[in-house]
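Peer 1: My file is entry.cif. It has mmCIF, C-alpha atoms:
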```cif
data_protein
#
loop_
_atom_site.label_atom_id
_atom_site.label_comp_id
_atom_site.auth_asym_id
_atom_site.auth_seq_id
_atom_site.Cartn_x
_atom_site.Cartn_y
_atom_site.Cartn_z
CA MET A 1 55.21 118.71 132.34
CA GLU A 2 55.10 115.04 131.56
CA GLY A 3 58.68 115.18 130.21
CA ALA A 4 59.83 116.97 133.36
CA ASN A 5 58.57 114.14 135.53
CA GLN A 6 60.51 111.49 133.61
CA SER A 7 63.83 110.45 135.13
CA VAL A 8 66.94 110.86 132.95
CA VAL A 9 69.18 107.82 132.35
CA HIS A 10 72.78 108.49 133.43
CA GLN A 11 74.06 104.98 132.82
CA PHE A 12 73.14 101.80 130.98
CA ILE A 13 73.33 98.19 132.14
CA LEU A 14 75.04 95.79 129.72
CA GLN A 15 73.75 92.22 129.57
CA GLY A 16 77.08 90.90 128.30
CA LEU A 17 77.62 87.78 126.24
CA CYS A 18 76.25 85.13 128.59
CA ASN A 19 75.12 84.40 132.16
CA SER A 20 77.08 81.20 132.88
CA LYS A 21 79.93 81.82 135.35
CA VAL A 22 82.03 78.98 133.95
CA LEU A 23 81.59 80.22 130.40
CA GLN A 24 82.37 83.78 131.46
CA ILE A 25 85.72 82.69 132.94
CA PHE A 26 86.51 80.74 129.77
CA LEU A 27 85.61 83.75 127.61
CA PHE A 28 87.65 86.05 129.86
CA LEU A 29 90.77 83.96 129.35
CA SER A 30 90.09 83.53 125.62
CA PHE A 31 89.43 87.22 124.92
CA SER A 32 92.37 88.31 127.08
CA ILE A 33 94.75 86.12 125.08
CA LEU A 34 93.23 87.10 121.71
CA TYR A 35 93.27 90.81 122.61
CA MET A 36 96.92 90.68 123.68
CA MET A 37 97.85 88.81 120.50
CA THR A 38 95.97 91.37 118.40
CA MET A 39 97.62 94.30 120.17
CA VAL A 40 101.13 92.84 120.01
CA GLY A 41 100.67 91.80 116.38
CA ASN A 42 99.39 95.20 115.23
CA LEU A 43 102.02 97.13 117.19
CA PHE A 44 104.74 94.86 115.81
CA VAL A 45 103.57 95.53 112.24
CA VAL A 46 103.41 99.29 112.86
CA LEU A 47 106.88 99.48 114.45
CA LEU A 48 108.45 97.15 111.87
CA ILE A 49 107.17 99.19 108.93
CA ILE A 50 108.23 102.47 110.54
CA THR A 51 111.75 101.31 111.42
CA ASP A 52 112.60 99.22 108.34
CA PRO A 53 113.53 101.45 105.33
CA HIS A 54 112.89 98.52 102.94
CA LEU A 55 109.20 98.65 103.87
CA HIS A 56 108.70 102.33 103.10
CA SER A 57 106.51 101.66 100.07
CA PRO A 58 102.85 102.65 99.43
CA MET A 59 101.54 99.14 100.13
CA TYR A 60 103.27 98.93 103.52
CA PHE A 61 102.38 102.52 104.36
CA LEU A 62 98.70 101.66 103.92
CA LEU A 63 99.16 98.39 105.83
CA ASP A 64 100.81 100.37 108.64
CA ASN A 65 97.76 102.62 108.92
CA LEU A 66 95.37 99.66 108.68
CA SER A 67 97.16 97.95 111.59
CA PHE A 68 96.96 101.15 113.66
CA VAL A 69 93.23 101.59 112.96
CA ASP A 70 92.60 97.93 113.77
CA PHE A 71 94.52 98.41 117.03
CA CYS A 72 92.28 101.36 117.92
CA LEU A 73 89.05 99.60 116.88
CA SER A 74 89.88 96.54 118.98
CA SER A 75 90.59 98.76 121.98
CA VAL A 76 87.18 100.48 121.91
CA THR A 77 85.10 97.56 123.20
CA THR A 78 87.35 94.58 123.99
CA PRO A 79 88.97 95.80 127.25
CA LYS A 80 85.57 96.58 128.80
CA LEU A 81 84.08 93.36 127.42
CA THR A 82 86.90 91.40 129.04
CA THR A 83 86.76 93.09 132.46
CA ASP A 84 82.94 92.97 132.53
CA LEU A 85 83.10 89.18 132.27
CA LEU A 86 84.39 89.18 135.88
CA LYS A 87 81.78 91.66 137.16
CA GLU A 88 78.38 90.87 138.59
CA LYS A 89 76.93 94.22 137.49
CA LYS A 90 78.00 95.50 134.08
CA THR A 91 77.32 99.21 133.62
CA ILE A 92 78.46 102.00 131.33
CA SER A 93 77.82 105.73 131.75
CA PHE A 94 75.73 107.64 129.22
CA GLY A 95 78.82 109.56 128.10
CA GLY A 96 80.83 106.35 127.86
CA CYS A 97 78.09 104.75 125.79
CA MET A 98 77.98 107.67 123.35
CA SER A 99 81.79 107.73 123.16
CA GLN A 100 81.79 104.02 122.37
CA ILE A 101 79.29 104.54 119.55
CA LEU A 102 81.36 107.42 118.13
CA CYS A 103 84.68 105.55 118.26
CA VAL A 104 83.33 102.25 116.89
CA HIS A 105 81.79 103.94 113.85
CA PHE A 106 84.76 106.28 113.37
CA PHE A 107 87.38 103.52 113.28
CA ALA A 108 85.13 100.98 111.52
CA GLY A 109 84.11 103.50 108.83
CA GLY A 110 87.72 104.58 108.37
CA GLU A 111 88.88 100.96 108.10
CA MET A 112 86.29 100.23 105.39
CA VAL A 113 87.54 103.09 103.24
CA LEU A 114 91.16 102.18 103.98
CA LEU A 115 90.52 98.66 102.68
CA VAL A 116 89.16 100.20 99.47
CA THR A 117 92.33 102.29 99.26
CA MET A 118 94.46 99.16 99.61
CA ALA A 119 92.47 97.52 96.82
CA TYR A 120 93.21 100.55 94.63
CA ASP A 121 96.89 100.22 95.48
CA ARG A 122 96.88 96.54 94.43
CA TYR A 123 94.98 97.43 91.24
CA VAL A 124 97.65 99.96 90.24
CA ALA A 125 100.52 97.64 91.23
CA ILE A 126 99.18 94.66 89.24
CA CYS A 127 97.38 96.28 86.33
CA LYS A 128 99.62 99.34 85.80
CA PRO A 129 103.04 98.34 87.18
CA LEU A 130 105.03 100.78 85.02
CA HIS A 131 103.09 103.75 86.37
CA TYR A 132 102.88 102.52 89.98
CA SER A 133 105.55 104.79 91.48
CA SER A 134 104.17 107.92 89.80
CA ILE A 135 100.50 107.18 90.64
CA MET A 136 101.00 105.98 94.22
CA ASP A 137 103.45 108.62 95.39
CA ARG A 138 103.88 109.54 99.06
CA GLN A 139 101.63 112.60 98.92
CA LYS A 140 98.75 110.68 97.34
CA CYS A 141 99.06 107.92 99.94
CA ILE A 142 98.86 110.45 102.76
CA TRP A 143 95.80 112.06 101.18
CA LEU A 144 94.10 108.68 100.75
CA VAL A 145 94.63 107.89 104.44
CA LEU A 146 93.35 111.34 105.45
CA ILE A 147 90.26 110.90 103.26
CA SER A 148 89.51 107.53 104.89
CA GLY A 149 89.73 109.20 108.30
CA ILE A 150 87.49 112.09 107.23
CA ILE A 151 84.85 109.73 105.82
CA GLY A 152 84.98 107.66 109.02
CA PHE A 153 84.58 110.79 111.15
CA VAL A 154 81.65 112.14 109.09
CA HIS A 155 79.96 108.73 109.26
CA ALA A 156 80.48 108.49 113.04
CA MET A 157 79.20 112.01 113.68
CA SER A 158 76.11 111.42 111.53
CA GLN A 159 75.32 108.34 113.63
CA LEU A 160 75.97 110.11 116.94
CA ILE A 161 73.96 113.23 116.10
CA MET A 162 70.87 111.14 115.32
CA ILE A 163 70.97 109.34 118.67
CA LEU A 164 72.52 111.89 121.06
CA GLU A 165 69.41 113.98 121.70
CA LEU A 166 66.99 111.08 122.09
CA PRO A 167 65.08 110.98 125.40
CA PHE A 168 66.21 108.04 127.56
CA CYS A 169 64.05 107.66 130.65
CA GLY A 170 64.14 103.89 131.20
CA PRO A 171 64.43 100.95 130.75
CA ARG A 172 68.23 101.06 130.56
CA VAL A 173 69.30 97.46 129.87
CA VAL A 174 71.31 96.98 126.65
CA ASP A 175 71.18 93.35 125.55
CA SER A 176 74.77 93.24 124.36
CA PHE A 177 78.36 93.67 125.59
CA PHE A 178 78.73 97.18 124.16
CA CYS A 179 76.55 100.10 123.11
CA ASP A 180 75.26 98.90 119.76
CA ILE A 181 73.04 101.57 118.18
CA PRO A 182 70.05 99.36 117.24
CA LEU A 183 69.82 98.10 120.84
CA VAL A 184 70.29 101.55 122.40
CA LEU A 185 67.53 102.91 120.14
CA LYS A 186 65.09 100.45 121.69
CA LEU A 187 65.56 102.18 125.06
CA ALA A 188 64.48 105.62 123.87
CA CYS A 189 61.16 106.97 125.17
CA MET A 190 59.74 107.55 121.71
CA ASP A 191 59.03 105.77 118.46
CA THR A 192 62.42 105.23 116.76
CA ASN A 193 61.42 103.03 113.82
CA THR A 194 62.04 105.73 111.21
CA LEU A 195 65.24 106.87 112.90
CA GLY A 196 66.41 103.26 113.12
CA MET A 197 65.91 102.81 109.38
CA LEU A 198 67.89 106.00 108.69
CA ILE A 199 70.77 104.89 110.92
CA ASN A 200 70.84 101.41 109.38
CA ALA A 201 70.71 102.96 105.92
CA ASP A 202 73.65 105.22 106.79
CA SER A 203 75.80 102.30 107.95
CA GLY A 204 74.45 99.95 105.29
CA ILE A 205 75.16 102.31 102.39
CA LEU A 206 78.77 102.87 103.51
CA ALA A 207 79.43 99.16 104.11
CA THR A 208 77.68 97.97 100.95
CA THR A 209 79.30 100.62 98.72
CA CYS A 210 82.78 99.80 100.01
CA PHE A 211 82.14 96.06 99.71
CA ILE A 212 80.89 96.33 96.11
CA VAL A 213 83.86 98.52 95.13
CA LEU A 214 86.21 95.97 96.70
CA LEU A 215 84.46 93.06 95.01
CA VAL A 216 84.63 94.74 91.59
CA SER A 217 88.26 95.78 92.13
CA TYR A 218 89.57 92.35 93.07
CA THR A 219 87.50 90.66 90.36
CA TYR A 220 88.96 93.04 87.77
CA ILE A 221 92.48 92.44 89.10
CA LEU A 222 92.11 88.66 88.86
CA LEU A 223 90.57 88.78 85.39
CA THR A 224 93.18 91.21 84.08
CA VAL A 225 96.14 89.19 85.30
CA CYS A 226 94.64 85.85 84.19
CA LEU A 227 94.07 87.15 80.66
CA HIS A 228 97.41 88.87 80.17
CA SER A 229 99.88 86.73 82.05
CA GLU A 230 100.86 83.06 82.19
CA GLY A 231 100.41 81.78 85.70
CA GLY A 232 98.64 85.04 86.42
CA ALA A 233 95.98 83.52 88.60
CA SER A 234 98.46 82.24 91.17
CA LYS A 235 100.35 85.54 91.15
CA ALA A 236 97.20 87.60 91.67
CA LEU A 237 95.89 85.26 94.34
CA SER A 238 99.18 85.31 96.25
CA THR A 239 99.10 89.10 96.20
CA CYS A 240 95.43 89.61 97.08
CA THR A 241 94.39 86.56 99.13
CA SER A 242 95.20 88.11 102.51
CA HIS A 243 93.33 91.29 101.53
CA ILE A 244 90.28 89.33 100.41
CA ILE A 245 90.19 87.32 103.67
CA VAL A 246 90.32 90.53 105.72
CA VAL A 247 87.54 92.04 103.60
CA VAL A 248 85.24 89.03 104.05
CA LEU A 249 85.86 88.77 107.81
CA PHE A 250 85.30 92.50 108.32
CA PHE A 251 82.37 93.20 106.01
CA GLY A 252 80.50 89.93 106.54
CA PRO A 253 79.41 90.62 110.15
CA CYS A 254 78.78 94.34 109.41
CA MET A 255 76.45 93.68 106.52
CA PHE A 256 74.61 90.87 108.33
CA ILE A 257 73.98 92.97 111.46
CA TYR A 258 72.87 96.14 109.69
CA LEU A 259 71.17 94.79 106.55
CA TRP A 260 69.58 91.52 107.70
CA PRO A 261 65.86 92.22 108.22
CA VAL A 262 65.46 89.85 111.19
CA SER A 263 67.48 90.54 114.34
CA ILE A 264 68.59 87.44 116.28
CA THR A 265 70.23 88.60 119.51
CA TRP A 266 72.74 85.78 120.06
CA VAL A 267 73.76 85.83 116.40
CA ASP A 268 74.28 89.61 116.49
CA LYS A 269 76.38 89.28 119.66
CA PHE A 270 78.52 86.55 118.10
CA LEU A 271 79.10 88.50 114.89
CA ALA A 272 79.80 91.75 116.76
CA VAL A 273 82.80 90.09 118.44
CA PHE A 274 84.51 89.98 115.03
CA LEU A 275 84.08 93.71 114.35
#
```
Represent the structure from my file as C-alpha cells, please.

Peer 2:
Amino acid sequence: MEGANQSVVHQFILQGLCNSKVLQIFLFLSFSILYMMTMVGNLFVVLLIITDPHLHSPMYFLLDNLSFVDFCLSSVTTPKLTTDLLKEKKTISFGGCMSQILCVHFFAGGEMVLLVTMAYDRYVAICKPLHYSSIMDRQKCIWLVLISGIIGFVHAMSQLIMILELPFCGPRVVDSFFCDIPLVLKLACMDTNTLGMLINADSGILATTCFIVLLVSYTYILLTVCLHSEGGASKALSTCTSHIIVVVLFFGPCMFIYLWPVSITWVDKFLAVFL
C-alpha cells in the first residue's frame, strides 16, 4: 500500500554544467563548434577510407569503425547538452534517460574494445610484419569489430538491467548534464549502495582490463622494436603515438569517474565532457 501511494517519476530534471547565463552562452558556442568539428572530422575519415581503395587495409578498416563509433558516442549526449544550455528548464523523460544510459555504455564499451583491437593490429604489424596480411585478413577484422560491438552491448545491457526496475518516486534532479548512472542511482527510493558498487565494478573491470591490455601491448611493441631495430624507438612512436594519446584521453576520465573513491561533482562533470 505504501508503494502504491508513491508517485512515479516520468521525467528527470538536469542541473547542467553551470548556472551563469554568460558562461552558458560561451559554452553553447564552444560546444557547438567542437561538436560540428568532431562530426565533420569523423564523417570525413569514414567517407575517405570507404572511397579510397589505397586505404582498404586492416588498420584503416579499424580506424573507420572507431571514427563511426566516436561519431555515435558524441551524438548521444552533446546535442542535448548544447541545446539545454539555452533552456531555463532542462528535463529528460524517463525513457530518454534510460536510452541515454544504454547508448553511452554501448558505444563507450565498444570503443574500449575497439581500441584494444587496434593495439593488436599494431602489435602484429610491428612485431610480426611478415605474417601481417595472413593474420589480419578481412574476415578476422570484421569478426574483431563484431566482437567489440557484442561486448559493448552486453556491458550496456548489464548496466541498464540493474537500474531499469529501480523505484523512482522523487526527488528527480540529476546533478549533471546527462543521465550518469551514479547520480541517477541516488534518486532511487531504496538503498542502492550495494547496487552502486556492482555497477561501478562492472564498468571499472571493463575499463581497467582494456587499459591494462593496451598498456602492456604498447609497452611490448616499444620494447620489441627498440631491441631489434636501429632507430626503432622513433619508428614505433610515430606509429603508436596517436593511438596512445586517444587511449589516455578516453580511459583517463572513465577510470577517474568510476574508480575514484571520492566523488567531486564539478570534477566529474568536467571529465564527463571528454567521454

Peer 1: Choose the residue, out of A:Ile161, A:Val69, A:Leu195, A:Val116, that has the smallest atom-to-atom separation from A:Val104; count all atoms listed in the file.

Peer 2: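 Of all the options, A:Val69 lies closest to A:Val104.
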
Peer 1: Using only C-alpha atoms, which residue out of A:Phe44, A:Phe106, A:Phe177, A:Tyr60 lies closest to A:Cys18?

Peer 2: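 The answer is A:Phe177, which sits nearest to A:Cys18.
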
Peer 1: If I take atom CA of A:Gln11 and atom CA of A:Leu73, how far is one from the other in Å, to one decimal?

Peer 2: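 We find that atom CA of A:Gln11 and atom CA of A:Leu73 lie 22.5 Å from each other.
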
Peer 1: Hey, could you make a per-residue contact list for stretch 5-109 of chain A against stretch 137-159 of chain A with 8 Å as the cut-off, showing the nearest pair of atoms and its distance in Å to one decimal, counting all atoms listed in the file, sorted by chain and number, as JSON lines?

Peer 2:
```
{"residue": "A:Pro58", "atom": "CA", "partner": "A:Cys141", "partner_atom": "CA", "distance": 6.5}
{"residue": "A:Phe61", "atom": "CA", "partner": "A:Cys141", "partner_atom": "CA", "distance": 7.7}
{"residue": "A:Leu62", "atom": "CA", "partner": "A:Cys141", "partner_atom": "CA", "distance": 7.4}
{"residue": "A:Asn65", "atom": "CA", "partner": "A:Val145", "partner_atom": "CA", "distance": 7.6}
{"residue": "A:Ile101", "atom": "CA", "partner": "A:Ala156", "partner_atom": "CA", "distance": 7.7}
{"residue": "A:Leu102", "atom": "CA", "partner": "A:Ala156", "partner_atom": "CA", "distance": 5.3}
{"residue": "A:Cys103", "atom": "CA", "partner": "A:Ala156", "partner_atom": "CA", "distance": 7.3}
{"residue": "A:Val104", "atom": "CA", "partner": "A:Ala156", "partner_atom": "CA", "distance": 7.9}
{"residue": "A:His105", "atom": "CA", "partner": "A:Ala156", "partner_atom": "CA", "distance": 4.8}
{"residue": "A:Phe106", "atom": "CA", "partner": "A:Gly152", "partner_atom": "CA", "distance": 4.6}
{"residue": "A:Phe107", "atom": "CA", "partner": "A:Gly152", "partner_atom": "CA", "distance": 6.4}
{"residue": "A:Ala108", "atom": "CA", "partner": "A:Gly152", "partner_atom": "CA", "distance": 7.1}
{"residue": "A:Gly109", "atom": "CA", "partner": "A:Gly152", "partner_atom": "CA", "distance": 4.3}
```

Peer 1: Which residues come within 9 Å of stretch 76-83 of chain A, counting only C-alpha atoms, excluding same-chain residues fewer than 2 positions away, as a list in words?

Peer 2: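 Residues near the query, excluding close chain neighbours: Gly16, Leu17, Leu27, Phe28, Leu29, Phe31, Ser32, Tyr35, Cys72, Leu73, Ser74, Leu85, Leu86, Lys87, Gln100, Cys103, Val104, Phe177, Phe178, Cys179 and Val273 of chain A.
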
Peer 1: Atom CA of A:Phe250 and atom CA of A:Met112 are how many Å apart?

Peer 2: 8.3 Å

Peer 1: Could you tell me which residues the PyMOL selection byres ((chain A and resi 201-208) around 9) returns for this structure, as a PDB file with C-alpha atoms, keeping the file's coordinate frame?

Peer 2:
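Contents of selection-v4.pdb, as written:
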```pdb
ATOM      1  CA  HIS A 105      81.790 103.940 113.850  1.00  0.00           C
ATOM      2  CA  GLY A 109      84.110 103.500 108.830  1.00  0.00           C
ATOM      3  CA  MET A 112      86.290 100.230 105.390  1.00  0.00           C
ATOM      4  CA  VAL A 113      87.540 103.090 103.240  1.00  0.00           C
ATOM      5  CA  HIS A 155      79.960 108.730 109.260  1.00  0.00           C
ATOM      6  CA  SER A 158      76.110 111.420 111.530  1.00  0.00           C
ATOM      7  CA  GLN A 159      75.320 108.340 113.630  1.00  0.00           C
ATOM      8  CA  GLY A 196      66.410 103.260 113.120  1.00  0.00           C
ATOM      9  CA  MET A 197      65.910 102.810 109.380  1.00  0.00           C
ATOM     10  CA  LEU A 198      67.890 106.000 108.690  1.00  0.00           C
ATOM     11  CA  ILE A 199      70.770 104.890 110.920  1.00  0.00           C
ATOM     12  CA  ASN A 200      70.840 101.410 109.380  1.00  0.00           C
ATOM     13  CA  THR A 209      79.300 100.620  98.720  1.00  0.00           C
ATOM     14  CA  CYS A 210      82.780  99.800 100.010  1.00  0.00           C
ATOM     15  CA  PHE A 211      82.140  96.060  99.710  1.00  0.00           C
ATOM     16  CA  ILE A 212      80.890  96.330  96.110  1.00  0.00           C
ATOM     17  CA  VAL A 213      83.860  98.520  95.130  1.00  0.00           C
ATOM     18  CA  PHE A 251      82.370  93.200 106.010  1.00  0.00           C
ATOM     19  CA  CYS A 254      78.780  94.340 109.410  1.00  0.00           C
ATOM     20  CA  MET A 255      76.450  93.680 106.520  1.00  0.00           C
ATOM     21  CA  TYR A 258      72.870  96.140 109.690  1.00  0.00           C
ATOM     22  CA  LEU A 259      71.170  94.790 106.550  1.00  0.00           C
TER      23      LEU A 259
END
```

Peer 1: I'd like the residues picked by the PyMOL selection byres ((chain A and resi 132) around 12) written out as number ranges by chain, using the chain letters and numbers from the file.

Peer 2: A: 57-59, 120-131, 133-138, 140-141

Peer 1: Since I can't run it myself right now, could you work out what the PyMOL selection byres ((chain A and resi 115) around 8) selects here and report it as a CSV table (one decimal) with C-alpha atoms, in the frame of the given file?

Peer 2:
```
chain,number,residue,atom,x,y,z
A,66,LEU,CA,95.4,99.7,108.7
A,111,GLU,CA,88.9,101.0,108.1
A,112,MET,CA,86.3,100.2,105.4
A,113,VAL,CA,87.5,103.1,103.2
A,114,LEU,CA,91.2,102.2,104.0
A,116,VAL,CA,89.2,100.2,99.5
A,117,THR,CA,92.3,102.3,99.3
A,118,MET,CA,94.5,99.2,99.6
A,119,ALA,CA,92.5,97.5,96.8
A,214,LEU,CA,86.2,96.0,96.7
A,243,HIS,CA,93.3,91.3,101.5
A,247,VAL,CA,87.5,92.0,103.6
```

Peer 1: As a VMD selection string, please: the residues near stretch 164-171 of chain A (cut-off 12 Å, all atoms listed in the file, same-chain neighbours under 6 positions excluded).

Peer 2: chain A and resid 2 to 14 94 to 95 97 to 99 101 to 102 156 to 158 181 183 to 192 195 to 196

Peer 1: Record the distance separating atom CA of A:Ser75 and atom CA of A:Gly41, expressed in Å with one decimal.

Peer 2: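 Taking atom CA of A:Ser75 and atom CA of A:Gly41, their separation equals 13.5 Å.
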